[in-house]
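Student: Structure file work.cif, mmCIF, C-alpha atoms and all ligand atoms, is pasted below:
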```
data_work
#
loop_
_atom_site.group_PDB
_atom_site.id
_atom_site.type_symbol
_atom_site.label_atom_id
_atom_site.label_comp_id
_atom_site.auth_asym_id
_atom_site.auth_seq_id
_atom_site.Cartn_x
_atom_site.Cartn_y
_atom_site.Cartn_z
ATOM 1 C CA MET N 17 0.000 0.000 0.000
ATOM 2 C CA PRO N 18 1.410 3.464 -0.872
ATOM 3 C CA PRO N 19 2.300 5.491 2.213
ATOM 4 C CA VAL N 20 0.234 8.367 3.545
ATOM 5 C CA LYS N 21 2.243 11.570 3.304
ATOM 6 C CA ILE N 22 2.174 13.659 6.491
ATOM 7 C CA VAL N 23 3.494 17.188 6.073
ATOM 8 C CA THR N 24 4.652 18.488 9.421
ATOM 9 C CA ASP N 25 7.493 20.265 11.180
ATOM 10 C CA GLU N 26 8.184 19.858 14.870
ATOM 11 C CA ARG N 27 8.994 23.554 15.040
ATOM 12 C CA CYS N 28 5.250 24.249 14.816
ATOM 13 C CA THR N 29 5.105 23.327 18.504
ATOM 14 C CA GLY N 30 7.387 26.268 19.286
ATOM 15 C CA TYR N 31 4.745 28.815 20.342
ATOM 16 C CA SER N 32 1.978 28.754 22.902
ATOM 17 C CA ARG N 33 -0.059 30.807 25.329
ATOM 18 C CA GLU N 34 -0.685 29.255 28.736
ATOM 19 C CA GLY N 35 -4.153 27.750 29.073
ATOM 20 C CA HIS N 36 -4.950 28.140 25.369
ATOM 21 C CA PRO N 37 -6.741 25.122 23.837
ATOM 22 C CA GLU N 38 -4.807 25.455 20.547
ATOM 23 C CA ARG N 39 -1.691 24.006 22.142
ATOM 24 C CA PRO N 40 1.522 22.333 20.932
ATOM 25 C CA ALA N 41 0.499 18.901 22.283
ATOM 26 C CA ARG N 42 -2.176 18.707 19.572
ATOM 27 C CA ILE N 43 0.630 18.096 17.088
ATOM 28 C CA SER N 44 3.251 16.371 19.234
ATOM 29 C CA THR N 45 0.859 13.693 20.583
ATOM 30 C CA THR N 46 -0.451 13.032 17.065
ATOM 31 C CA VAL N 47 3.082 12.636 15.697
ATOM 32 C CA GLU N 48 3.798 10.255 18.576
ATOM 33 C CA LEU N 49 0.756 8.089 17.795
ATOM 34 C CA LEU N 50 1.486 8.028 14.059
ATOM 35 C CA LYS N 51 5.105 7.026 14.720
ATOM 36 C CA SER N 52 4.134 4.256 17.130
ATOM 37 C CA GLN N 53 1.443 2.580 14.991
ATOM 38 C CA THR N 54 2.102 -0.063 12.345
ATOM 39 C CA GLU N 55 -1.219 -0.199 10.428
ATOM 40 C CA LEU N 56 -0.564 2.736 8.138
ATOM 41 C CA PRO N 57 2.754 3.281 6.323
ATOM 42 C CA ILE N 58 3.722 6.953 6.588
ATOM 43 C CA ALA N 59 6.042 9.131 4.527
ATOM 44 C CA TRP N 60 7.044 12.219 6.511
ATOM 45 C CA ALA N 61 7.572 15.481 4.628
ATOM 46 C CA ALA N 62 8.459 19.058 5.545
ATOM 47 C CA PRO N 63 6.592 22.245 4.572
ATOM 48 C CA GLY N 64 7.902 24.149 1.562
ATOM 49 C CA LEU N 65 8.646 27.843 1.332
ATOM 50 C CA VAL N 66 5.946 30.371 0.600
ATOM 51 C CA SER N 67 6.285 33.726 -1.141
ATOM 52 C CA ASP N 68 4.547 36.981 -0.223
ATOM 53 C CA ALA N 69 2.888 36.917 -3.647
ATOM 54 C CA GLN N 70 1.232 33.578 -2.848
ATOM 55 C CA ILE N 71 -0.074 34.897 0.495
ATOM 56 C CA LEU N 72 -1.208 38.201 -0.979
ATOM 57 C CA ARG N 73 -3.706 36.488 -3.284
ATOM 58 C CA ALA N 74 -5.743 35.907 -0.110
ATOM 59 C CA HIS N 75 -4.607 38.587 2.331
ATOM 60 C CA SER N 76 -3.887 42.301 2.481
ATOM 61 C CA PRO N 77 -0.358 43.679 2.890
ATOM 62 C CA ALA N 78 -1.697 45.265 6.103
ATOM 63 C CA LEU N 79 -2.326 41.838 7.653
ATOM 64 C CA LEU N 80 1.169 40.638 6.728
ATOM 65 C CA ALA N 81 2.610 43.717 8.428
ATOM 66 C CA ARG N 82 0.311 43.337 11.454
ATOM 67 C CA LEU N 83 1.700 39.852 12.159
ATOM 68 C CA HIS N 84 4.950 41.511 13.238
ATOM 69 C CA ILE N 85 3.355 43.916 15.737
ATOM 70 C CA PRO N 86 3.617 42.430 19.248
ATOM 71 C CA ARG N 87 0.034 42.922 20.378
ATOM 72 C CA ASP N 88 -2.716 40.266 20.721
ATOM 73 C CA PHE N 89 -5.097 40.105 17.753
ATOM 74 C CA ASP N 90 -8.157 39.355 19.873
ATOM 75 C CA ALA N 91 -8.967 37.493 23.086
ATOM 76 C CA ASP N 92 -8.636 34.123 21.276
ATOM 77 C CA THR N 93 -5.701 34.922 19.074
ATOM 78 C CA PRO N 94 -2.541 35.871 20.922
ATOM 79 C CA PHE N 95 0.571 37.441 19.538
ATOM 80 C CA CYS N 96 3.521 35.099 20.102
ATOM 81 C CA GLU N 97 7.143 35.715 19.187
ATOM 82 C CA ASN N 98 7.709 34.929 15.487
ATOM 83 C CA ILE N 99 4.025 34.154 14.914
ATOM 84 C CA ALA N 100 4.490 35.354 11.331
ATOM 85 C CA GLY N 101 7.096 32.619 10.814
ATOM 86 C CA PHE N 102 4.858 29.943 12.346
ATOM 87 C CA ALA N 103 1.883 31.048 10.250
ATOM 88 C CA ARG N 104 3.982 31.028 7.068
ATOM 89 C CA ALA N 105 5.281 27.520 7.797
ATOM 90 C CA SER N 106 1.692 26.313 8.137
ATOM 91 C CA VAL N 107 0.887 27.896 4.746
ATOM 92 C CA GLY N 108 4.035 26.245 3.327
ATOM 93 C CA ALA N 109 2.699 22.873 4.476
ATOM 94 C CA SER N 110 -0.627 23.515 2.776
ATOM 95 C CA LEU N 111 1.191 24.260 -0.503
ATOM 96 C CA ALA N 112 3.274 21.076 -0.121
ATOM 97 C CA ALA N 113 0.015 19.171 0.426
ATOM 98 C CA LEU N 114 -1.454 20.708 -2.724
ATOM 99 C CA LYS N 115 1.559 19.582 -4.720
ATOM 100 C CA ALA N 116 1.373 16.053 -3.303
ATOM 101 C CA ALA N 117 -2.342 15.814 -4.152
ATOM 102 C CA ARG N 118 -1.547 16.773 -7.716
ATOM 103 C CA ASP N 119 1.018 13.949 -7.754
ATOM 104 C CA SER N 120 -1.827 11.585 -6.734
ATOM 105 C CA GLU N 121 -0.488 11.130 -3.220
ATOM 106 C CA ASN N 122 -2.649 10.669 -0.132
ATOM 107 C CA VAL N 123 -1.613 13.649 1.986
ATOM 108 C CA PHE N 124 -2.443 15.419 5.261
ATOM 109 C CA SER N 125 -0.931 18.648 6.601
ATOM 110 C CA LEU N 126 -0.401 18.217 10.336
ATOM 111 C CA MET N 127 0.489 21.756 11.358
ATOM 112 C CA ARG N 128 -0.562 24.660 13.547
ATOM 113 C CA PRO N 129 -1.726 27.397 13.536
ATOM 114 C CA PRO N 130 -4.995 26.526 11.794
ATOM 115 C CA GLY N 131 -6.329 28.967 9.207
ATOM 116 C CA HIS N 132 -10.007 28.931 8.288
ATOM 117 C CA HIS N 133 -11.091 31.899 10.449
ATOM 118 C CA ALA N 134 -8.425 34.283 9.110
ATOM 119 C CA THR N 135 -9.994 36.822 6.745
ATOM 120 C CA ARG N 136 -8.313 38.984 4.159
ATOM 121 C CA ASP N 137 -7.474 41.643 6.751
ATOM 122 C CA HIS N 138 -7.747 39.997 10.163
ATOM 123 C CA ALA N 139 -6.212 37.225 12.234
ATOM 124 C CA MET N 140 -8.912 35.746 14.489
ATOM 125 C CA GLY N 141 -10.152 32.512 16.078
ATOM 126 C CA PHE N 142 -6.646 31.011 16.635
ATOM 127 C CA CYS N 143 -5.911 31.640 12.908
ATOM 128 C CA TYR N 144 -3.371 34.080 11.406
ATOM 129 C CA LEU N 145 -3.143 33.213 7.705
ATOM 130 C CA ASN N 146 -5.782 31.235 5.814
ATOM 131 C CA ASN N 147 -3.860 28.129 4.783
ATOM 132 C CA ILE N 148 -6.624 26.567 2.739
ATOM 133 C CA ALA N 149 -7.693 29.722 0.886
ATOM 134 C CA ILE N 150 -4.072 30.428 -0.051
ATOM 135 C CA ALA N 151 -3.687 26.855 -1.351
ATOM 136 C CA VAL N 152 -6.933 27.076 -3.348
ATOM 137 C CA LEU N 153 -5.909 30.367 -4.959
ATOM 138 C CA GLU N 154 -2.492 28.877 -5.744
ATOM 139 C CA ALA N 155 -4.197 25.884 -7.364
ATOM 140 C CA LEU N 156 -6.419 28.135 -9.487
ATOM 141 C CA ALA N 157 -3.450 30.268 -10.511
ATOM 142 C CA THR N 158 -1.464 27.218 -11.605
ATOM 143 C CA GLY N 159 -3.837 25.171 -13.712
ATOM 144 C CA SER N 160 -6.702 23.804 -11.620
ATOM 145 C CA LYS N 161 -10.070 24.743 -13.123
ATOM 146 C CA ARG N 162 -12.583 23.700 -10.453
ATOM 147 C CA VAL N 163 -11.523 23.506 -6.812
ATOM 148 C CA ALA N 164 -13.930 22.576 -4.021
ATOM 149 C CA VAL N 165 -13.289 23.154 -0.320
ATOM 150 C CA PHE N 166 -14.967 20.748 2.088
ATOM 151 C CA ASP N 167 -14.832 22.109 5.668
ATOM 152 C CA PHE N 168 -15.969 19.752 8.443
ATOM 153 C CA ASP N 169 -14.580 21.721 11.394
ATOM 154 C CA VAL N 170 -17.388 22.314 13.923
ATOM 155 C CA HIS N 171 -16.961 26.071 13.429
ATOM 156 C CA HIS N 172 -17.902 27.926 10.276
ATOM 157 C CA GLY N 173 -14.859 28.910 8.198
ATOM 158 C CA ASN N 174 -15.842 32.559 7.939
ATOM 159 C CA GLY N 175 -12.408 33.532 6.634
ATOM 160 C CA THR N 176 -12.347 30.961 3.854
ATOM 161 C CA GLU N 177 -15.864 31.953 2.840
ATOM 162 C CA ALA N 178 -15.020 35.663 2.777
ATOM 163 C CA ILE N 179 -11.866 35.126 0.728
ATOM 164 C CA LEU N 180 -13.370 32.701 -1.804
ATOM 165 C CA LEU N 181 -16.772 34.408 -2.074
ATOM 166 C CA ASP N 182 -17.860 34.683 -5.741
ATOM 167 C CA ARG N 183 -14.385 33.808 -7.049
ATOM 168 C CA PRO N 184 -14.717 31.867 -10.301
ATOM 169 C CA GLY N 185 -13.534 28.260 -10.341
ATOM 170 C CA CYS N 186 -14.020 27.464 -6.662
ATOM 171 C CA ALA N 187 -16.777 26.541 -4.256
ATOM 172 C CA TYR N 188 -16.941 26.275 -0.475
ATOM 173 C CA PHE N 189 -18.983 23.653 1.401
ATOM 174 C CA SER N 190 -19.047 23.975 5.198
ATOM 175 C CA ILE N 191 -20.808 21.743 7.704
ATOM 176 C CA HIS N 192 -20.730 23.286 11.175
ATOM 177 C CA GLN N 193 -22.581 23.837 14.402
ATOM 178 C CA PHE N 194 -24.885 26.840 14.408
ATOM 179 C CA PRO N 195 -25.298 28.830 16.547
ATOM 180 C CA CYS N 196 -21.631 28.742 17.492
ATOM 181 C CA TYR N 197 -18.420 30.771 17.074
ATOM 182 C CA PRO N 198 -17.920 32.865 14.914
ATOM 183 C CA GLY N 199 -21.654 33.428 14.339
ATOM 184 C CA THR N 200 -21.596 33.219 10.529
ATOM 185 C CA GLY N 201 -22.675 30.385 8.223
ATOM 186 C CA ALA N 202 -26.424 30.302 8.890
ATOM 187 C CA THR N 203 -27.232 30.480 5.183
ATOM 188 C CA ASP N 204 -25.495 30.194 1.802
ATOM 189 C CA ALA N 205 -23.450 33.182 0.635
ATOM 190 C CA GLY N 206 -22.830 34.582 -2.838
ATOM 191 C CA THR N 207 -22.862 32.205 -5.785
ATOM 192 C CA ASN N 208 -20.370 29.631 -4.493
ATOM 193 C CA CYS N 209 -20.468 29.300 -0.691
ATOM 194 C CA PHE N 210 -22.782 26.609 0.669
ATOM 195 C CA ASN N 211 -23.444 26.295 4.373
ATOM 196 C CA TYR N 212 -24.946 23.354 6.243
ATOM 197 C CA PRO N 213 -25.665 24.418 9.820
ATOM 198 C CA VAL N 214 -26.320 21.730 12.446
ATOM 199 C CA ALA N 215 -27.925 22.665 15.778
ATOM 200 C CA PRO N 216 -25.989 22.087 19.026
ATOM 201 C CA GLY N 217 -26.399 18.576 20.429
ATOM 202 C CA GLU N 218 -27.863 17.010 17.264
ATOM 203 C CA PRO N 219 -27.144 13.255 17.130
ATOM 204 C CA ARG N 220 -24.451 11.677 14.963
ATOM 205 C CA GLU N 221 -27.091 10.556 12.475
ATOM 206 C CA THR N 222 -27.999 14.179 11.743
ATOM 207 C CA TRP N 223 -24.339 15.073 11.231
ATOM 208 C CA ARG N 224 -23.814 12.125 8.887
ATOM 209 C CA ALA N 225 -26.932 12.937 6.862
ATOM 210 C CA THR N 226 -25.770 16.562 6.595
ATOM 211 C CA PHE N 227 -22.277 15.506 5.512
ATOM 212 C CA ALA N 228 -23.836 13.240 2.881
ATOM 213 C CA GLN N 229 -25.987 16.086 1.582
ATOM 214 C CA ALA N 230 -22.976 18.421 1.361
ATOM 215 C CA LEU N 231 -20.887 15.749 -0.383
ATOM 216 C CA GLY N 232 -23.696 15.247 -2.906
ATOM 217 C CA ASP N 233 -23.756 18.979 -3.630
ATOM 218 C CA LEU N 234 -19.960 19.074 -3.875
ATOM 219 C CA LYS N 235 -20.069 16.265 -6.444
ATOM 220 C CA LYS N 236 -22.491 18.277 -8.576
ATOM 221 C CA PHE N 237 -19.878 21.066 -8.691
ATOM 222 C CA ARG N 238 -17.604 18.539 -10.515
ATOM 223 C CA PRO N 239 -14.302 19.582 -8.897
ATOM 224 C CA ASP N 240 -10.968 18.520 -10.343
ATOM 225 C CA LEU N 241 -9.396 19.029 -6.909
ATOM 226 C CA VAL N 242 -10.800 18.874 -3.368
ATOM 227 C CA ALA N 243 -9.212 20.739 -0.448
ATOM 228 C CA VAL N 244 -10.389 19.657 2.999
ATOM 229 C CA SER N 245 -10.434 21.821 6.120
ATOM 230 C CA ALA N 246 -10.188 18.924 8.537
ATOM 231 C CA GLY N 247 -11.266 20.031 11.999
ATOM 232 C CA PHE N 248 -11.970 17.413 14.652
ATOM 233 C CA ASP N 249 -13.886 19.585 17.113
ATOM 234 C CA ALA N 250 -17.359 18.196 16.265
ATOM 235 C CA TYR N 251 -16.160 15.218 18.348
ATOM 236 C CA ALA N 252 -18.460 14.287 21.230
ATOM 237 C CA ARG N 253 -15.806 14.991 23.878
ATOM 238 C CA ASP N 254 -14.363 18.169 22.398
ATOM 239 C CA PRO N 255 -14.376 20.976 24.968
ATOM 240 C CA LEU N 256 -15.178 23.836 22.558
ATOM 241 C CA ALA N 257 -18.516 22.848 20.991
ATOM 242 C CA ASP N 258 -21.502 20.499 21.228
ATOM 243 C CA GLY N 259 -20.976 18.066 18.346
ATOM 244 C CA MET N 260 -21.654 14.354 18.822
ATOM 245 C CA LEU N 261 -19.223 12.667 16.428
ATOM 246 C CA LEU N 262 -17.093 9.638 17.290
ATOM 247 C CA ALA N 263 -13.813 8.413 15.799
ATOM 248 C CA GLU N 264 -15.668 6.117 13.395
ATOM 249 C CA ASP N 265 -17.520 9.114 11.961
ATOM 250 C CA PHE N 266 -14.216 10.751 11.012
ATOM 251 C CA HIS N 267 -13.175 7.430 9.448
ATOM 252 C CA TRP N 268 -16.425 7.437 7.453
ATOM 253 C CA LEU N 269 -15.755 11.037 6.377
ATOM 254 C CA GLY N 270 -12.275 10.130 5.130
ATOM 255 C CA LYS N 271 -13.639 7.153 3.232
ATOM 256 C CA SER N 272 -16.453 9.223 1.707
ATOM 257 C CA LEU N 273 -14.040 11.938 0.580
ATOM 258 C CA ARG N 274 -11.699 9.390 -0.994
ATOM 259 C CA GLY N 275 -14.752 7.860 -2.679
ATOM 260 C CA LEU N 276 -15.200 11.064 -4.686
ATOM 261 C CA GLY N 277 -12.342 9.814 -6.860
ATOM 262 C CA VAL N 278 -10.836 13.312 -7.139
ATOM 263 C CA PRO N 279 -7.313 14.400 -6.041
ATOM 264 C CA LEU N 280 -7.641 15.435 -2.428
ATOM 265 C CA PHE N 281 -5.578 17.104 0.265
ATOM 266 C CA SER N 282 -6.487 17.764 3.892
ATOM 267 C CA LEU N 283 -5.245 20.394 6.337
ATOM 268 C CA LEU N 284 -5.686 20.247 10.104
ATOM 269 C CA GLU N 285 -7.953 22.996 11.457
ATOM 270 C CA GLY N 286 -9.457 22.555 14.956
ATOM 271 C CA GLY N 287 -9.755 19.644 17.374
ATOM 272 C CA TYR N 288 -9.032 20.246 21.054
ATOM 273 C CA SER N 289 -9.778 17.040 22.945
ATOM 274 C CA LYS N 290 -6.994 14.814 24.191
ATOM 275 C CA ASP N 291 -8.278 12.165 21.769
ATOM 276 C CA LEU N 292 -7.289 14.250 18.732
ATOM 277 C CA PRO N 293 -4.521 11.792 17.669
ATOM 278 C CA GLU N 294 -6.987 8.874 17.471
ATOM 279 C CA LEU N 295 -9.479 11.009 15.519
ATOM 280 C CA ILE N 296 -6.860 12.041 12.962
ATOM 281 C CA PHE N 297 -5.662 8.434 12.708
ATOM 282 C CA ALA N 298 -9.227 7.217 12.079
ATOM 283 C CA TYR N 299 -9.685 9.866 9.366
ATOM 284 C CA LEU N 300 -6.377 8.962 7.690
ATOM 285 C CA LYS N 301 -7.318 5.279 7.636
ATOM 286 C CA GLY N 302 -10.631 6.222 6.028
ATOM 287 C CA VAL N 303 -8.961 8.317 3.340
ATOM 288 C CA GLU N 304 -6.422 5.564 2.721
ATOM 289 C CA GLY N 305 -9.088 2.879 2.425
ATOM 290 C CA SER N 306 -8.331 0.781 5.532
ATOM 291 C CA GLY N 307 -11.107 -0.386 7.789
ATOM 292 C CA PHE N 308 -11.991 1.227 11.103
ATOM 293 C CA SER N 309 -10.620 -0.441 14.205
ATOM 294 C CA LYS N 310 -10.729 0.891 17.730
HETATM 295 ZN ZN ZN F 1 -13.079 24.711 15.000
#
```
Spit out the file's structure as structure tokens when you get a sec.
Ligand SMILES: [Zn+2]
Tutor:
Amino acid sequence: MPPVKIVTDERCTGYSREGHPERPARISTTVELLKSQTELPIAWAAPGLVSDAQILRAHSPALLARLHIPRDFDADTPFCENIAGFARASVGASLAALKAARDSENVFSLMRPPGHHATRDHAMGFCYLNNIAIAVLEALATGSKRVAVFDFDVHHGNGTEAILLDRPGCAYFSIHQFPCYPGTGATDAGTNCFNYPVAPGEPRETWRATFAQALGDLKKFRPDLVAVSAGFDAYARDPLADGMLLAEDFHWLGKSLRGLGVPLFSLLEGGYSKDLPELIFAYLKGVEGSGFSK
């Protein structure tokens, strides 16, 4: 079986704010699990470099400059030393994942910070630069014709939606809890952003049916590339929201996405429970085509 490519860099654990749920252990414990298991062959890869021009397709020069000003962005989104460097490395991993997907590899970017809340002008919601939007705009600028984003993080990707809104050649499909942070995503937006809100505490069956509906709509868009914002915070024991999903649901999601038969890459967004490594592992096995085992 061909290996799963994991794009990561242990330096992404090099910043933190005490008590913050978006913490370095999210990555280090996942790397540990992936290194200790024997079910899934893994090829480890490092993030590539990213140019200002690639970032500036999605963001304003003012945001790039702001990342160097040592002042918190909001109550959720602290300034940390060299946060610009950490954010750029996470973008670099998303671009490496894009390249691997185009080479027909099975690939996952295991990095922090996440990105889907970052808008053109603002860092927010633990996010500084919008990794997935930058990768989608790179794909469109370099030959992809129809790129779909599938976002299963429990929070609405307001930043991705705002950046991709009405851009030709791409579409955004987000399944998320509503009401919930950041308060957007109740209805569709523009011509290409499709939102599937799920009420707090809805059972797994509702989530699965909603995922299936979104995947059906995504198929109708006929993408030649699918970019996945993979957040694991709709998990039943996640501390930040009221989703009800279990590890096997993330496995099912991975399998369903692979079943689209379209080149695919996934980037880590949220996921704050201590079980995050098992959830990512279940998802990777689904994407790869292995069965689910506890
Ligand atoms: Zn989230």
Student: For ligand ZN 1 (chain F), return the neighbouring residues as number ranges by chain (distance at most 7 Å; only C-alpha atoms and all ligand atoms).
Tutor: N: 169-171, 247, 249, 285-287
Student: So which residues get picked by the PyMOL selection byres (((chain N and resi 20) around 10) and not hetatm) here, written as a list in words?
Tutor: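 The output of the PyMOL selection byres (((chain N and resi 20) around 10) and not hetatm) on this file is Met17, Pro18, Pro19, Lys21, Ile22, Val23, Leu56, Pro57, Ile58, Ala59, Trp60, Glu121, Asn122, Val123, Phe124, Leu300, Lys301, Val303 and Glu304 of chain N.
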Student: When the PyMOL selection byres (((chain N and resi 147) around 7) and not hetatm) is applied to the structure above, which residues does it catch, written out as a short mmCIF file (atom, residue, chain, number, x, y, z; two decimals) with C-alpha atoms, keeping the file's coordinate frame?
Tutor:
```cif
data_model
loop_
_atom_site.label_atom_id
_atom_site.label_comp_id
_atom_site.auth_asym_id
_atom_site.auth_seq_id
_atom_site.Cartn_x
_atom_site.Cartn_y
_atom_site.Cartn_z
CA SER N 106 1.69 26.31 8.14
CA VAL N 107 0.89 27.90 4.75
CA SER N 110 -0.63 23.52 2.78
CA GLY N 131 -6.33 28.97 9.21
CA LEU N 145 -3.14 33.21 7.70
CA ASN N 146 -5.78 31.24 5.81
CA ILE N 148 -6.62 26.57 2.74
CA ALA N 149 -7.69 29.72 0.89
CA ILE N 150 -4.07 30.43 -0.05
CA ALA N 151 -3.69 26.86 -1.35
#
```
Student: Point out the residue among N:Gly199, N:Leu111, N:Ala228, N:Ser160 with the least atom-to-atom distance to N:His133, counting all atoms listed in the file.
Tutor: N:Gly199
Student: Taking all atoms listed in the file into account, name the residue in N:Ile43, N:Cys196, N:Ala109, N:Ala250 that is nearest to N:Ala61.
Tutor: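 Selected residue with least distance to N:Ala61: N:Ala109.
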Student: Return the single residue from N:Gly277, N:Leu284, N:Ala298, N:Ala69 that is closest to N:Asp265, with distances computed using only C-alpha atoms.
Tutor: N:Ala298
Student: Restricting the calculation to only C-alpha atoms: of N:Gln70, N:Thr24, N:Thr135, N:Thr176, which residue gets closest to N:Leu156?
Tutor: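 Checking each of N:Gln70, N:Thr24, N:Thr135, N:Thr176 against N:Leu156, counting only C-alpha atoms, the winner is N:Gln70.
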Student: Please, what distance in Å, to one decimal, runs between atom CA of N:Glu97 and atom CA of N:His132?
Tutor: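 Taking atom CA of N:Glu97 and atom CA of N:His132, their separation equals 21.4 Å.
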Student: For the file shown, what are the residues hit by the PyMOL selection byres (((chain N and resi 33) around 12) and not hetatm), laid out as a compact mmCIF listing (two decimals) with C-alpha atoms, keeping the file's coordinate frame?
Tutor:
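Final output, part24.txt:
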```
# COMPACT_ATOMS: atom_id res chain seq x y z
CA THR N 29 5.11 23.33 18.50
CA GLY N 30 7.39 26.27 19.29
CA TYR N 31 4.74 28.82 20.34
CA SER N 32 1.98 28.75 22.90
CA GLU N 34 -0.68 29.26 28.74
CA GLY N 35 -4.15 27.75 29.07
CA HIS N 36 -4.95 28.14 25.37
CA PRO N 37 -6.74 25.12 23.84
CA GLU N 38 -4.81 25.46 20.55
CA ARG N 39 -1.69 24.01 22.14
CA PRO N 40 1.52 22.33 20.93
CA ASP N 88 -2.72 40.27 20.72
CA ALA N 91 -8.97 37.49 23.09
CA ASP N 92 -8.64 34.12 21.28
CA THR N 93 -5.70 34.92 19.07
CA PRO N 94 -2.54 35.87 20.92
CA PHE N 95 0.57 37.44 19.54
CA CYS N 96 3.52 35.10 20.10
CA GLU N 97 7.14 35.72 19.19
CA ILE N 99 4.03 34.15 14.91
CA PHE N 142 -6.65 31.01 16.64
```
Student: So which one's closest to N:Ser190, N:Ala215, N:Ala230, N:Ala105, N:Ala157? Using all atoms listed in the file, please.
Tutor: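 Of all the options, N:Ala230 lies closest to N:Ser190.
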Student: First collect every listed atom of stretch 77-94 of chain N; then fit an axis-aligned box around them, widen it by 3 Å on each side, and give centre and edge lengths in Å to one decimal, as AutoDock Vina command-line options.
Tutor:
```
--center_x -2.0 --center_y 39.7 --center_z 13.0 --size_x 19.9 --size_y 17.1 --size_z 26.2
```
